[in-house]
Amino acid sequence: MASTCLQIAGKHLEANQTLHTDRPDLPECFQLSVLSWLPCIYLWAVSPIYLFYLKMNNRGYIMMSIMNRFKTAFGLLLWIVCWTDLFSTFHELRQGISHPPIYFVTPLVLGMTMLLATFLIQFERLRGVQSSGVLFIFWFLSVLCAIVPFRSKILQSEVTDKLRFTTFYFYFGLVVCELILCCFNEKPPLFSNAVTDPNPCPETSAGFLSTMTFWWFTSMAIKGYKMPLEAKDLWSLNQRDSSKVMVPKLLKEWEKELAKAKRYVFKLSVNSPEEVEVLLSNQKSSPRQPSFLRALIKAFGPYFLIGSAFKLLQDIITFVNPQLLRMLIIFTKQEGVPDWWGYALAFLMFFTAFLQTLILHHHFQYCFVTGMNVRTAIIGAIYRKALVITNAAKRSSTVGEVVNLMSVDAQRFMDLTTFLNMLWSAPLQIMLALYFLWQNLGPSVLAGVAVMIMLIPFNAVIAMKMRGYQVEQMRLKDSRIKLMNEILNGIKVLKLYAWENSFKEKVLAIRQKELNVLRKTAYLGALSTMAWTSAPFMVALTSFAVYVYVTVDENTALDAERAFVSLSLFNILRFPLNMLPQVISSIVQASVSLKRIQSFLSHDELDPNSVDRNNTATEFSVTVANGKFTWAKEDPPVLHNINVMVPQGSLLAVVGHVGCGKSSLISALLGEMERLEGEVSIRGSVAYVPQQAWIQNITLRDNILFGKPYNEQKYRSVLEACALTPDLEVLPGGDLTEIGEKGINLSGGQRQRVSLARALYSDTDVYLLDDPLSAVDAHVAKHIFDNLIGPDGALKGKTRILVTHGISFLPQVDNIMVMVDGRVSEMGSYQELLKQDGAFAEFLRNYALEDILIEDEELFPDDALSNHADMVDNEPVINEAKRNFIRQISIVSADGENPRFRSVRRQGCSQRKHSEPQEKKKPHDMVKLIQTENTETGRVKTKVYLEYAKAVGPLLSVFICFLYGCQNAASIGSNIWLSEWTNDAARNATKENLNMRVGVYAALGTAQGILVLISSFTLAMGNMAAARKLHYNLLSNKLHTPQSFFDTTPIGRIINRFSKDIYVIDEALPATVLMFLSTLFASLSTMLVIVSTTPIFAVVIVPLAVAYVFVQRFYVATSRQLKRLESVSRSPIYSNFSETITGASVIRAYGRHSAFVLMSDTKVDENQKSYYPGIVSNRWLGVRIEFIGNCIVLFAAMFAVTRKQSLTAGLVGLSVSYALQVTMSLNWMVRMTSDLESNIVAVERVKEYSETKPEAPWEVEDKKPSPNWPVEGNVQFQNYSVRYREGLDLVLKNLTLSVKGGEKIGIVGRTGAGKSSMTLCLFRLLEAAAGEITIDEVKIAEIGLHDLRSKLTIIPQEPVLFSGTLRMNLDPFEQCSDDELWKALEQSHLHKFVRNQPAKLELECTEGGENLSVGQRQLVCLARALLRKTRILVLDEATAAIDLETDDLIQSTIRTQFEDCTVFTIAHRLNTIMDYTRVLVLDKGQVAEFDTPTSLISQKGIFYSMAKDAGLVL
């Protein structure tokens, strides 16, 4: 029946009624059938899928609102209206008026559809849908299709069928009302979690239209425009994007993969065990490795596919506009065609472009969100893995590498997902474009394609070369950053030795190489830019030339329609051709990352069951039976045949030589080692104090609480027991002082005590203490043992295992276990071991001070042996023996027990003691040591752009802009010429000027190419100059910056300037400037072309420009701040991560694994919270800017139609094809403005650190001291006072003392008395607040710093070495001969060691000198001092850093080699200074006592009490 109607429609659909009239209309039958059915077909087709979707996703029901009631009522009314039509038709039939079948079918179908729509309205309400896209599209289609009959009914001169006329108006009105109601949102469903969120993301409750156009983001854009956004303004992360959902999703799939791989190996082992052997021995060839890629696809594939579907739609719609352009050009050529054709085409162009915009941005949204989710999941998976990998696995991936996995590799996946669809979309676009081109130009298109194909290898070669250079540059950058890192870590030493210039040269040498590579890259980049810009032109030229010369047919002249449609197709082709190589290289990079992540996630994990924690059978707290342990399965065992039983509540001391396995035993008890044989069980919870204290970058209080609730009374008693109360008075903010990275603002002893306090506060059953007393001073060690560890300490009644070197504590412990070479040699109580007469007793009997052993009640004077009595020289034999004994017991071990970890150096006491000497601040004056990094807010100041232009060169900058103008002029010229050429076809003058036409076109295009090349070259040159200048200024300033700056600024922040910001200036900024200039000029030239062809367009430019600037200002302000927030919230992820890895064993011991995972997840979510609005801001901008671009297309086409008479087809083609391109360049221009702003911030940040206040000049020409100054070595302090930084209290107050040349002065005092500060003042690392210091009558404040520092020598407490040769470390300026170097090595007792090295003096020292032991490093520092051989020597004595043997060597060398020099020694062990001329006792920054050691002891003052504590006087 429908077909009959359609036949009628076909007959009536006469061309002149619809097309060739100024008032077109469609026949009634067509209106009733096709137009009415379209929306119905759509709804019935979609509803089954939609209903299924609603059934699966229930968000809770929505209460019936007034709006919902209206929607439902209107739906029912519509049903009644439709069926009124149906019943009236039946009524008329009974009266004998017959109608075609369509009059029955259409109302029936419409009525049924309205019922379905009404049902959907209610069903959506019950399922919690706030805004329905399906129904919106349905009502929109219904209104669209009803407009035609609506117009027809208005045009009708008389009304024949009054009833249908009325019902139709009812129908139309109701449908419009439904459409309007559909634009509004329902209330959120009941019981939804959006309500509980303080700042929910509006996306979840946004309506369909709002979601399509990203309107819901507008509120953030407005807020960001009004004032800079802060972290609190950000919306919460959508639940589905959070770590809580994403990480388990990926891990679940990854677990499945691992299980599959295991099953496969198991199957094989059942079938053929030999094969498995081969497989396991050669894992690479293992056919069944768990695939991380498969896990990723399963976890994130489905969501990503939705984005791919959008991409497919968009690709197809892209090709509609060139066809519409063809029709428009044909329309302008034809005479007597109604104008509405042209307008219809213009609106169609606008509509397809707008649709394409919406679809494209939704594709991007899906891709970016997938990328973000992948990054979240990967970071989460890596973090969780890093907490549980074995030590062997840790060896193969350093902290840096793993942080790289998180930052670089996860980022690569994120970048890849955005382009991944291009892999299939690019070939599809290319094929479609070629198909349409073939239709347009015939076979001659092959010539153009040939050019494109030839350009591919050209670009590929450039890309390969650039990749090579990039690798080279990364290598150089790494070595430069590594060197900078060392310089900044050792900046104090560089300043003390006045070595800055030598290291500056080294950095600049690397930088020069780096710039050379960058220059090559930039030149290649300029070539590829030229290829990229000229490609469309070359292709067009060859295609058109072949077309006009080869095609002989008269009818196939090159007319406007052919030329401009081809041009717009070539432009479409340009994007996929450019993208393909990029996507492929992205995929290659990501595949490398994939392998790295996969191998990391496949590492072995620690066996959680290696230690039995539930053992309640025995009364022993800790039991090890027949234990055999190793660090890695392939390594030889470290501990053999260990049998230990520790009774509940007892104290076991573990003693033994360096490297005999004491720390390894503790690790074995914690389950950190591989257990090869035996059983380990621990009853109850564990607290662990590692040898190297692990301190987090949080407040001191949080470090101690470690996640436990705060209990004032318990907390105070813990501080008391750990001797931390006096330290709190010294710290600026008490226990709320923020501790820097790695505990930088605490001394070594304080860090160890905080670690002990954490253990005590945790209140567990078993305490494993790995040598906690070696880092603290003797009297503090005694206090801690008495109040905390010992029989009457806070831990009595708990099980304690104490690794120690302090013999003095041994009589008080319950049991002693002596370890030798990884075995237990003896075990028992102190008395038992003496009775057993083993090695232990032998030592003690021979060498302990006689009176100790006679009376057991009389406890050892604290650490009598560790302060070995050099004074008892009357018994040299005993003394020698005693020394040997001490060496063997090795009181102070600098090295970890496990020989592999020997490189971890013990932090000495005074490293950065700057926070200690301050008085207690008033509570309101809370000083944060490390100031938070300030984020710049608001617009980047014009000054910064000018600074950069100045660095590039002002004239050069102007010249670059001029060149860009020229290149665009050439481009416009060639296109105008083309439009003239195409007009020849209309005048039938095609063959006359052919050579000239082709020649000029080629010349203009070539000129453009050459100009592009020149301008890119010039730009590259300018950028290089700027990069060199900015880095040089930054480096110079940083080496001239005073020490106080480095104390308050985390090294990471300074390194960031040298790495991230310099990288941006080197690489990102030039690319951005290039893109910005080209898009700016492209947009301008488009406007020029359109205005020159249709001048009336100028009227529209103003409102469009206003809208553009408006949107751009909103976007740039918001996006810039979001980027800043994102980068600020990113670094905590990585710093928290590297902190976690270093403290993994502590975290595991305390069972805080899940808390740390949660913390990391929160940090990642915090970061994504600012990243997600950043993505959306780009979509928001895209839709709005492209809408403006689409308006330009609309107006260009409309004005072309209005001025049809005066315009040639060529000019219409030119104007509209330019307009079609403009959307892209407008969009890019805003992006580039924003990128330029965020990248130019790097210039701002580098400048900020290039202009910090410098220290005094290195050399003052007119005040230079004589070359052999100081001759005597007299030092005078006159009323000298000093403070660490402005605003802090004085550290030294009114010091007045005078030292004669050649005197040996010992400086002593309690922690924080100002000992180190005094030496720093000599070197002017601290400048005087009052008073002065003179050396040999020269006021040191008046001469240059280098002149001063090069004449003094210091052997610092922390031996700092730099990576490089040993020769460089001894003599960086290469002033000494080999003989002098060898002599110095001999005097510092290092010559044997160096002679045994194959490289001799060229021995490579690794970073921080890690390949030398601490003692050897200390000796290298001594050799440096011997080489400098100045009149004044300062010795900051190493506390626990070296063994006694080395200490003796150093002391004896100093006594002989520096006997005529003035020596200042900061003494921690008083016995070393008992033979000094005088001793200076400092107390709270003032001279307390200053006299010879003997008279000070007889005065019974401070020095006497210290000597008594150390057991030097009885």
# chains A, B, ... in the order shown; residues from 1 in each chain; ligands from 1
>>> residues_around(residues="segment 762-766 of chain A", least_positions_apart="5", cutoff="6 Å", atoms="only C-alpha atoms", output="MDAnalysis selection string")
chainID A and resid 684:686 798:800
>>> residues_around(residues="Asn983 of chain A", least_positions_apart="5", cutoff="7 Å", atoms="only C-alpha atoms", output="JSON, numbers by chain")
{"A": [559, 560, 1210]}
>>> write_last_selection(atoms="C-alpha atoms", output="PDB file, in the first residue's frame")
ATOM      1  CA  ASP A 559      38.201  24.734 -14.584  1.00  0.00           C
ATOM      2  CA  ALA A 560      37.488  26.091 -11.128  1.00  0.00           C
ATOM      3  CA  GLY A1210      37.580  30.667  -9.738  1.00  0.00           C
TER       4      GLY A1210
END
>>> closest_residue(among="A:Val1246, A:Met227, A:Ala1488, A:Ile389", to="Asn1294 of chain A", atoms="only C-alpha atoms")
A:Ala1488
>>> closest_residue(among="A:Ile456, A:Ala1330, A:Ser1215, A:Gly1306", to="Met1087 of chain A", atoms="only C-alpha atoms")
A:Ser1215
>>> closest_residue(among="A:Ser1298, A:Gln289, A:Thr1086, A:Ser1145", to="Ala259 of chain A", atoms="only C-alpha atoms")
A:Gln289
>>> closest_atom_pairs(of="segment 1047-1160 of chain A", to="segment 1005-1021 of chain A", cutoff="9 Å", atoms="only C-alpha atoms", output="JSON lines")
{"residue": "A:Pro1070", "atom": "CA", "partner": "A:Ala1020", "partner_atom": "CA", "distance": 7.1}
{"residue": "A:Val1073", "atom": "CA", "partner": "A:Leu1019", "partner_atom": "CA", "distance": 8.6}
{"residue": "A:Leu1074", "atom": "CA", "partner": "A:Ser1016", "partner_atom": "CA", "distance": 7.5}
>>> residues_around(residues="Thr699 of chain A", least_positions_apart="6", cutoff="7 Å", atoms="only C-alpha atoms", output="list in words")
Asp735, Leu736, Thr737, Glu738 and Ile739 of chain A
>>> closest_residue(among="A:Thr1492, A:Tyr767, A:Leu746, A:Ala653", to="Val813 of chain A", atoms="only C-alpha atoms")
A:Ala653
